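The data block below is work.cif; it holds mmCIF, N, CA and C atoms.
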```cif
data_data
#
loop_
_atom_site.label_atom_id
_atom_site.label_comp_id
_atom_site.auth_asym_id
_atom_site.auth_seq_id
_atom_site.Cartn_x
_atom_site.Cartn_y
_atom_site.Cartn_z
N GLU A 1 34.53 -18.19 201.57
CA GLU A 1 35.16 -16.90 201.67
C GLU A 1 35.34 -16.47 203.13
N LYS A 2 34.32 -16.76 203.96
CA LYS A 2 34.41 -16.37 205.38
C LYS A 2 35.53 -17.12 206.08
N THR A 3 35.64 -18.41 205.79
CA THR A 3 36.69 -19.21 206.43
C THR A 3 38.07 -18.72 206.00
N LEU A 4 38.22 -18.41 204.73
CA LEU A 4 39.50 -17.89 204.24
C LEU A 4 39.83 -16.56 204.91
N ALA A 5 38.84 -15.67 204.99
CA ALA A 5 39.06 -14.36 205.61
C ALA A 5 39.41 -14.48 207.08
N LYS A 6 38.71 -15.36 207.81
CA LYS A 6 38.99 -15.53 209.24
C LYS A 6 40.39 -16.07 209.48
N ASN A 7 40.94 -16.76 208.49
CA ASN A 7 42.27 -17.34 208.62
C ASN A 7 43.33 -16.52 207.88
N ASN A 8 42.95 -15.33 207.44
CA ASN A 8 43.88 -14.44 206.72
C ASN A 8 44.64 -15.17 205.61
N THR A 9 43.91 -15.90 204.78
CA THR A 9 44.55 -16.63 203.70
C THR A 9 43.67 -16.55 202.45
N THR A 10 44.20 -17.07 201.36
CA THR A 10 43.46 -17.13 200.11
C THR A 10 43.41 -18.58 199.65
N LEU A 11 42.55 -18.85 198.70
CA LEU A 11 42.44 -20.20 198.15
C LEU A 11 43.77 -20.62 197.52
N GLU A 12 44.45 -19.68 196.90
CA GLU A 12 45.73 -19.97 196.25
C GLU A 12 46.82 -20.36 197.26
N GLU A 13 46.71 -19.86 198.48
CA GLU A 13 47.73 -20.15 199.51
C GLU A 13 47.52 -21.51 200.19
N LEU A 14 46.37 -22.12 199.97
CA LEU A 14 46.11 -23.43 200.57
C LEU A 14 46.90 -24.50 199.83
N ASP A 15 47.31 -25.52 200.56
CA ASP A 15 48.05 -26.62 199.95
C ASP A 15 47.15 -27.72 199.42
N TYR A 16 45.96 -27.87 200.02
CA TYR A 16 45.07 -28.96 199.62
C TYR A 16 43.66 -28.62 200.05
N VAL A 17 42.68 -29.12 199.31
CA VAL A 17 41.27 -28.86 199.61
C VAL A 17 40.52 -30.19 199.64
N ILE A 18 39.81 -30.42 200.74
CA ILE A 18 38.98 -31.62 200.87
C ILE A 18 37.55 -31.15 201.15
N LEU A 19 36.65 -31.47 200.22
CA LEU A 19 35.24 -31.15 200.40
C LEU A 19 34.45 -32.43 200.66
N HIS A 20 33.24 -32.27 201.16
CA HIS A 20 32.35 -33.41 201.36
C HIS A 20 32.30 -34.22 200.07
N GLN A 21 32.52 -35.50 200.16
CA GLN A 21 32.59 -36.37 199.00
C GLN A 21 31.19 -36.85 198.60
N ALA A 22 30.38 -35.92 198.10
CA ALA A 22 28.99 -36.22 197.72
C ALA A 22 28.93 -37.12 196.50
N ASN A 23 29.44 -36.64 195.39
CA ASN A 23 29.56 -37.44 194.17
C ASN A 23 30.54 -36.74 193.24
N LYS A 24 31.05 -37.48 192.26
CA LYS A 24 32.12 -36.95 191.41
C LYS A 24 31.66 -35.74 190.61
N LEU A 25 30.44 -35.74 190.11
CA LEU A 25 29.94 -34.62 189.31
C LEU A 25 29.93 -33.33 190.12
N VAL A 26 29.41 -33.38 191.33
CA VAL A 26 29.38 -32.20 192.21
C VAL A 26 30.80 -31.75 192.52
N LEU A 27 31.67 -32.68 192.89
CA LEU A 27 33.04 -32.33 193.25
C LEU A 27 33.80 -31.68 192.09
N GLU A 28 33.65 -32.25 190.91
CA GLU A 28 34.36 -31.70 189.75
C GLU A 28 33.79 -30.33 189.37
N SER A 29 32.49 -30.16 189.47
CA SER A 29 31.86 -28.86 189.19
C SER A 29 32.37 -27.79 190.16
N LEU A 30 32.46 -28.14 191.44
CA LEU A 30 32.96 -27.19 192.44
C LEU A 30 34.43 -26.86 192.19
N ARG A 31 35.22 -27.86 191.84
CA ARG A 31 36.64 -27.62 191.58
C ARG A 31 36.82 -26.64 190.43
N LEU A 32 36.05 -26.83 189.37
CA LEU A 32 36.15 -25.94 188.21
C LEU A 32 35.66 -24.53 188.55
N LYS A 33 34.55 -24.44 189.26
CA LYS A 33 33.99 -23.12 189.63
C LYS A 33 34.96 -22.35 190.53
N LEU A 34 35.59 -23.05 191.46
CA LEU A 34 36.52 -22.40 192.39
C LEU A 34 37.94 -22.27 191.82
N GLU A 35 38.15 -22.85 190.64
CA GLU A 35 39.45 -22.80 189.95
C GLU A 35 40.58 -23.38 190.80
N ILE A 36 40.32 -24.56 191.37
CA ILE A 36 41.32 -25.26 192.19
C ILE A 36 42.04 -26.26 191.29
N PRO A 37 43.37 -26.23 191.24
CA PRO A 37 44.11 -27.21 190.43
C PRO A 37 43.85 -28.65 190.91
N GLU A 38 43.81 -29.58 189.99
CA GLU A 38 43.54 -30.98 190.32
C GLU A 38 44.47 -31.52 191.39
N GLU A 39 45.75 -31.14 191.35
CA GLU A 39 46.72 -31.69 192.30
C GLU A 39 46.52 -31.18 193.72
N LYS A 40 45.69 -30.16 193.89
CA LYS A 40 45.42 -29.61 195.23
C LYS A 40 44.01 -29.95 195.70
N TYR A 41 43.36 -30.93 195.06
CA TYR A 41 41.94 -31.18 195.29
C TYR A 41 41.67 -32.67 195.45
N CYS A 42 40.94 -33.01 196.48
CA CYS A 42 40.65 -34.41 196.77
C CYS A 42 39.33 -34.87 196.14
N ILE A 43 39.42 -35.91 195.34
CA ILE A 43 38.22 -36.63 194.89
C ILE A 43 38.46 -38.09 195.24
N ASP A 44 37.82 -38.53 196.31
CA ASP A 44 38.00 -39.89 196.82
C ASP A 44 36.70 -40.69 196.72
N VAL A 45 35.64 -40.06 196.29
CA VAL A 45 34.32 -40.68 196.26
C VAL A 45 34.26 -41.89 195.32
N GLU A 46 35.10 -41.90 194.29
CA GLU A 46 35.09 -42.99 193.33
C GLU A 46 35.43 -44.33 193.97
N ASP A 47 36.30 -44.30 194.97
CA ASP A 47 36.77 -45.53 195.59
C ASP A 47 35.83 -46.07 196.66
N ILE A 48 35.19 -45.18 197.43
CA ILE A 48 34.39 -45.66 198.56
C ILE A 48 32.97 -45.13 198.60
N GLY A 49 32.62 -44.23 197.69
CA GLY A 49 31.26 -43.68 197.67
C GLY A 49 31.06 -42.60 198.72
N ASN A 50 29.82 -42.15 198.81
CA ASN A 50 29.44 -41.10 199.76
C ASN A 50 29.18 -41.74 201.11
N THR A 51 30.04 -41.49 202.06
CA THR A 51 29.89 -42.06 203.40
C THR A 51 29.29 -41.05 204.37
N VAL A 52 28.54 -40.11 203.84
CA VAL A 52 27.77 -39.11 204.56
C VAL A 52 28.67 -38.29 205.48
N SER A 53 28.38 -38.22 206.76
CA SER A 53 29.11 -37.33 207.67
C SER A 53 30.56 -37.74 207.90
N SER A 54 30.93 -38.93 207.53
CA SER A 54 32.32 -39.37 207.75
C SER A 54 33.21 -39.17 206.52
N THR A 55 32.68 -38.56 205.45
CA THR A 55 33.50 -38.40 204.23
C THR A 55 34.76 -37.57 204.46
N LEU A 56 34.67 -36.55 205.28
CA LEU A 56 35.83 -35.67 205.47
C LEU A 56 36.99 -36.35 206.20
N PRO A 57 36.76 -36.96 207.37
CA PRO A 57 37.90 -37.63 208.00
C PRO A 57 38.42 -38.82 207.20
N ILE A 58 37.52 -39.52 206.52
CA ILE A 58 37.96 -40.65 205.69
C ILE A 58 38.82 -40.13 204.53
N ALA A 59 38.38 -39.08 203.86
CA ALA A 59 39.14 -38.53 202.73
C ALA A 59 40.51 -38.02 203.19
N LEU A 60 40.57 -37.37 204.35
CA LEU A 60 41.85 -36.89 204.88
C LEU A 60 42.78 -38.07 205.18
N LYS A 61 42.26 -39.07 205.87
CA LYS A 61 43.08 -40.24 206.22
C LYS A 61 43.57 -40.97 204.97
N ARG A 62 42.68 -41.17 204.01
CA ARG A 62 43.07 -41.88 202.78
C ARG A 62 44.09 -41.06 201.98
N SER A 63 43.94 -39.74 201.97
CA SER A 63 44.91 -38.89 201.27
C SER A 63 46.28 -39.01 201.93
N MET A 64 46.30 -39.05 203.26
CA MET A 64 47.57 -39.20 203.99
C MET A 64 48.18 -40.57 203.69
N GLU A 65 47.36 -41.61 203.66
CA GLU A 65 47.86 -42.96 203.39
C GLU A 65 48.40 -43.09 201.97
N LYS A 66 47.80 -42.35 201.04
CA LYS A 66 48.25 -42.39 199.64
C LYS A 66 49.54 -41.61 199.44
N GLY A 67 49.96 -40.86 200.45
CA GLY A 67 51.19 -40.09 200.34
C GLY A 67 51.04 -38.86 199.47
N ILE A 68 49.85 -38.27 199.46
CA ILE A 68 49.62 -37.05 198.69
C ILE A 68 50.66 -36.01 199.14
N PRO A 69 51.50 -35.52 198.23
CA PRO A 69 52.60 -34.62 198.63
C PRO A 69 52.14 -33.31 199.27
N GLN A 70 50.92 -32.87 199.00
CA GLN A 70 50.42 -31.63 199.57
C GLN A 70 50.03 -31.77 201.03
N ILE A 71 49.99 -33.00 201.53
CA ILE A 71 49.63 -33.23 202.93
C ILE A 71 50.89 -33.60 203.70
N LYS A 72 51.54 -32.57 204.22
CA LYS A 72 52.74 -32.79 205.02
C LYS A 72 52.79 -31.73 206.11
N LYS A 73 53.62 -31.95 207.08
CA LYS A 73 53.71 -31.07 208.24
C LYS A 73 53.88 -29.61 207.81
N GLY A 74 53.04 -28.76 208.40
CA GLY A 74 53.10 -27.33 208.13
C GLY A 74 52.18 -26.86 207.02
N ASN A 75 51.62 -27.79 206.25
CA ASN A 75 50.74 -27.40 205.14
C ASN A 75 49.33 -27.08 205.61
N LYS A 76 48.69 -26.14 204.90
CA LYS A 76 47.32 -25.73 205.22
C LYS A 76 46.33 -26.48 204.33
N ILE A 77 45.30 -27.03 204.98
CA ILE A 77 44.28 -27.79 204.26
C ILE A 77 42.91 -27.24 204.62
N LEU A 78 42.13 -26.92 203.59
CA LEU A 78 40.74 -26.52 203.78
C LEU A 78 39.89 -27.77 203.79
N ILE A 79 39.07 -27.90 204.82
CA ILE A 79 38.13 -29.01 204.92
C ILE A 79 36.74 -28.40 205.04
N ALA A 80 35.83 -28.80 204.14
CA ALA A 80 34.49 -28.21 204.15
C ALA A 80 33.43 -29.28 203.88
N GLY A 81 32.39 -29.24 204.69
CA GLY A 81 31.26 -30.13 204.51
C GLY A 81 30.02 -29.34 204.17
N PHE A 82 29.15 -29.93 203.39
CA PHE A 82 27.89 -29.29 203.03
C PHE A 82 26.81 -30.35 202.98
N GLY A 83 25.57 -29.91 203.12
CA GLY A 83 24.50 -30.89 203.13
C GLY A 83 23.13 -30.29 202.93
N VAL A 84 22.16 -31.00 203.44
CA VAL A 84 20.75 -30.66 203.27
C VAL A 84 20.47 -29.25 203.78
N GLY A 85 19.62 -28.54 203.07
CA GLY A 85 19.21 -27.21 203.49
C GLY A 85 20.29 -26.17 203.31
N TYR A 86 21.21 -26.42 202.40
CA TYR A 86 22.31 -25.49 202.14
C TYR A 86 23.17 -25.25 203.38
N SER A 87 23.29 -26.25 204.22
CA SER A 87 24.16 -26.12 205.39
C SER A 87 25.62 -26.25 204.95
N LEU A 88 26.49 -25.57 205.65
CA LEU A 88 27.91 -25.57 205.29
C LEU A 88 28.75 -25.36 206.54
N GLY A 89 29.82 -26.09 206.64
CA GLY A 89 30.80 -25.90 207.70
C GLY A 89 32.18 -26.05 207.10
N ALA A 90 33.10 -25.18 207.47
CA ALA A 90 34.44 -25.24 206.90
C ALA A 90 35.47 -24.82 207.93
N THR A 91 36.66 -25.37 207.78
CA THR A 91 37.78 -24.99 208.64
C THR A 91 39.07 -25.16 207.85
N ILE A 92 40.11 -24.55 208.35
CA ILE A 92 41.44 -24.74 207.78
C ILE A 92 42.32 -25.31 208.87
N ILE A 93 42.96 -26.43 208.57
CA ILE A 93 43.86 -27.04 209.54
C ILE A 93 45.29 -26.96 209.02
N THR A 94 46.23 -26.97 209.93
CA THR A 94 47.64 -27.05 209.59
C THR A 94 48.13 -28.41 210.05
N ILE A 95 48.67 -29.17 209.14
CA ILE A 95 49.15 -30.52 209.46
C ILE A 95 50.38 -30.43 210.34
#
```
Full structure transcribed into structure tokens:
Amino acid sequence: EKTLAKNNTTLEELDYVILHQANKLVLESLRLKLEIPEEKYCIDVEDIGNTVSSTLPIALKRSMEKGIPQIKKGNKILIAGFGVGYSLGATIITI
């Protein structure tokens, strides 16, 4: 919520969401709780597993290579990592 507010945007206005690729169960639970449509949400953990701190750049690169239509010039993408001790970091980038 803080990241969205700082960027004067809403979850609905984002084109794509990439979260830390911990495991499929966590990712799917978060997607449902946040009510993010499947086509706007990255689940890449099935193909390469949890690569810890590198999951975010790997997921972004692989999404770009797959030609995900939501990742194109001018689109807004939320990238968020989370980990031990309830740590969280998030940003919104424009491609």
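Within 6.5 Å of stretch 22-30 of chain A, once only N, CA and C atoms are used and residues closer than 6 positions along the same chain are dropped, the contacting residues are Ile36, Val45, Glu46, Gly49 and Asn50 of chain A.
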Write the residues you've just listed into a file as a compact mmCIF listing (two decimals), in the coordinates of the input, and include N, CA and C atoms for each of them.
```txt
# COMPACT_ATOMS: atom_id res chain seq x y z
N ILE A 36 40.32 -24.56 191.37
CA ILE A 36 41.32 -25.26 192.19
C ILE A 36 42.04 -26.26 191.29
N VAL A 45 35.64 -40.06 196.29
CA VAL A 45 34.32 -40.68 196.26
C VAL A 45 34.26 -41.89 195.32
N GLU A 46 35.10 -41.90 194.29
CA GLU A 46 35.09 -42.99 193.33
C GLU A 46 35.43 -44.33 193.97
N GLY A 49 32.62 -44.23 197.69
CA GLY A 49 31.26 -43.68 197.67
C GLY A 49 31.06 -42.60 198.72
N ASN A 50 29.82 -42.15 198.81
CA ASN A 50 29.44 -41.10 199.76
C ASN A 50 29.18 -41.74 201.11
```
Inset, instruction - Kindly give the distance, in Å, that separates atom CA of A:Glu12 and atom CA of A:Glu39, rounded to a single decimal. - result: 12.4 Å
Legend entry - Residue members of the PyMOL selection byres ((chain A and resi 65-73) around 7) in the file shown, as a PyMOL selection string: chain A and resi 15-16+40+60-64+74-76+94-95
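Taking atom CA of A:Ile48 and atom CA of A:Arg31 as the two end points, the separation is 19.5 Å.
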Secondary structure check, strand (DSSP E) residues of stretch 7-76 of chain A, as a CSV table (one decimal) with N, CA and C atoms, keeping the file's coordinate frame:
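Produced file part_23.csv, reproduced below:
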```csv
chain,number,residue,atom,x,y,z
A,16,TYR,N,46.0,-27.9,200.0
A,16,TYR,CA,45.1,-29.0,199.6
A,16,TYR,C,43.7,-28.6,200.0
A,17,VAL,N,42.7,-29.1,199.3
A,17,VAL,CA,41.3,-28.9,199.6
A,17,VAL,C,40.5,-30.2,199.6
A,18,ILE,N,39.8,-30.4,200.7
A,18,ILE,CA,39.0,-31.6,200.9
A,18,ILE,C,37.6,-31.2,201.2
A,19,LEU,N,36.6,-31.5,200.2
A,19,LEU,CA,35.2,-31.2,200.4
A,19,LEU,C,34.4,-32.4,200.7
A,76,LYS,N,48.7,-26.1,204.9
A,76,LYS,CA,47.3,-25.7,205.2
A,76,LYS,C,46.3,-26.5,204.3
```
Legend entry - d(atom CA of A:Asn8, atom CA of A:Thr91) in Å: 12.3 Å
Legend entry - DSSP-assigned alpha helix (DSSP H) members of chain A, reported as a VMD selection string: chain A and resid 2 to 6 24 to 34 45 to 48 55 to 65
Inset, instruction - Apply the PyMOL selection byres (((chain A and resi 18 and name CA) around 9) and name CA) to the displayed file and report the matching residues as number ranges by chain. - result: A: 16-17, 19-21, 40-43, 56, 59-60, 77-81
Take the residues from that selection and put them in a file with N, CA and C atoms, as an mmCIF file, in the coordinates of the input.
```cif
data_model
loop_
_atom_site.group_PDB
_atom_site.id
_atom_site.type_symbol
_atom_site.label_atom_id
_atom_site.label_comp_id
_atom_site.auth_asym_id
_atom_site.auth_seq_id
_atom_site.Cartn_x
_atom_site.Cartn_y
_atom_site.Cartn_z
ATOM 1 N N TYR A 16 45.960 -27.870 200.020
ATOM 2 C CA TYR A 16 45.070 -28.960 199.620
ATOM 3 C C TYR A 16 43.660 -28.620 200.050
ATOM 4 N N VAL A 17 42.680 -29.120 199.310
ATOM 5 C CA VAL A 17 41.270 -28.860 199.610
ATOM 6 C C VAL A 17 40.520 -30.190 199.640
ATOM 7 N N LEU A 19 36.650 -31.470 200.220
ATOM 8 C CA LEU A 19 35.240 -31.150 200.400
ATOM 9 C C LEU A 19 34.450 -32.430 200.660
ATOM 10 N N HIS A 20 33.240 -32.270 201.160
ATOM 11 C CA HIS A 20 32.350 -33.410 201.360
ATOM 12 C C HIS A 20 32.300 -34.220 200.070
ATOM 13 N N GLN A 21 32.520 -35.500 200.160
ATOM 14 C CA GLN A 21 32.590 -36.370 199.000
ATOM 15 C C GLN A 21 31.190 -36.850 198.600
ATOM 16 N N LYS A 40 45.690 -30.160 193.890
ATOM 17 C CA LYS A 40 45.420 -29.610 195.230
ATOM 18 C C LYS A 40 44.010 -29.950 195.700
ATOM 19 N N TYR A 41 43.360 -30.930 195.060
ATOM 20 C CA TYR A 41 41.940 -31.180 195.290
ATOM 21 C C TYR A 41 41.670 -32.670 195.450
ATOM 22 N N CYS A 42 40.940 -33.010 196.480
ATOM 23 C CA CYS A 42 40.650 -34.410 196.770
ATOM 24 C C CYS A 42 39.330 -34.870 196.140
ATOM 25 N N ILE A 43 39.420 -35.910 195.340
ATOM 26 C CA ILE A 43 38.220 -36.630 194.890
ATOM 27 C C ILE A 43 38.460 -38.090 195.240
ATOM 28 N N LEU A 56 34.670 -36.550 205.280
ATOM 29 C CA LEU A 56 35.830 -35.670 205.470
ATOM 30 C C LEU A 56 36.990 -36.350 206.200
ATOM 31 N N ALA A 59 38.380 -39.080 203.860
ATOM 32 C CA ALA A 59 39.140 -38.530 202.730
ATOM 33 C C ALA A 59 40.510 -38.020 203.190
ATOM 34 N N LEU A 60 40.570 -37.370 204.350
ATOM 35 C CA LEU A 60 41.850 -36.890 204.880
ATOM 36 C C LEU A 60 42.780 -38.070 205.180
ATOM 37 N N ILE A 77 45.300 -27.030 204.980
ATOM 38 C CA ILE A 77 44.280 -27.790 204.260
ATOM 39 C C ILE A 77 42.910 -27.240 204.620
ATOM 40 N N LEU A 78 42.130 -26.920 203.590
ATOM 41 C CA LEU A 78 40.740 -26.520 203.780
ATOM 42 C C LEU A 78 39.890 -27.770 203.790
ATOM 43 N N ILE A 79 39.070 -27.900 204.820
ATOM 44 C CA ILE A 79 38.130 -29.010 204.920
ATOM 45 C C ILE A 79 36.740 -28.400 205.040
ATOM 46 N N ALA A 80 35.830 -28.800 204.140
ATOM 47 C CA ALA A 80 34.490 -28.210 204.150
ATOM 48 C C ALA A 80 33.430 -29.280 203.880
ATOM 49 N N GLY A 81 32.390 -29.240 204.690
ATOM 50 C CA GLY A 81 31.260 -30.130 204.510
ATOM 51 C C GLY A 81 30.020 -29.340 204.170
#
```
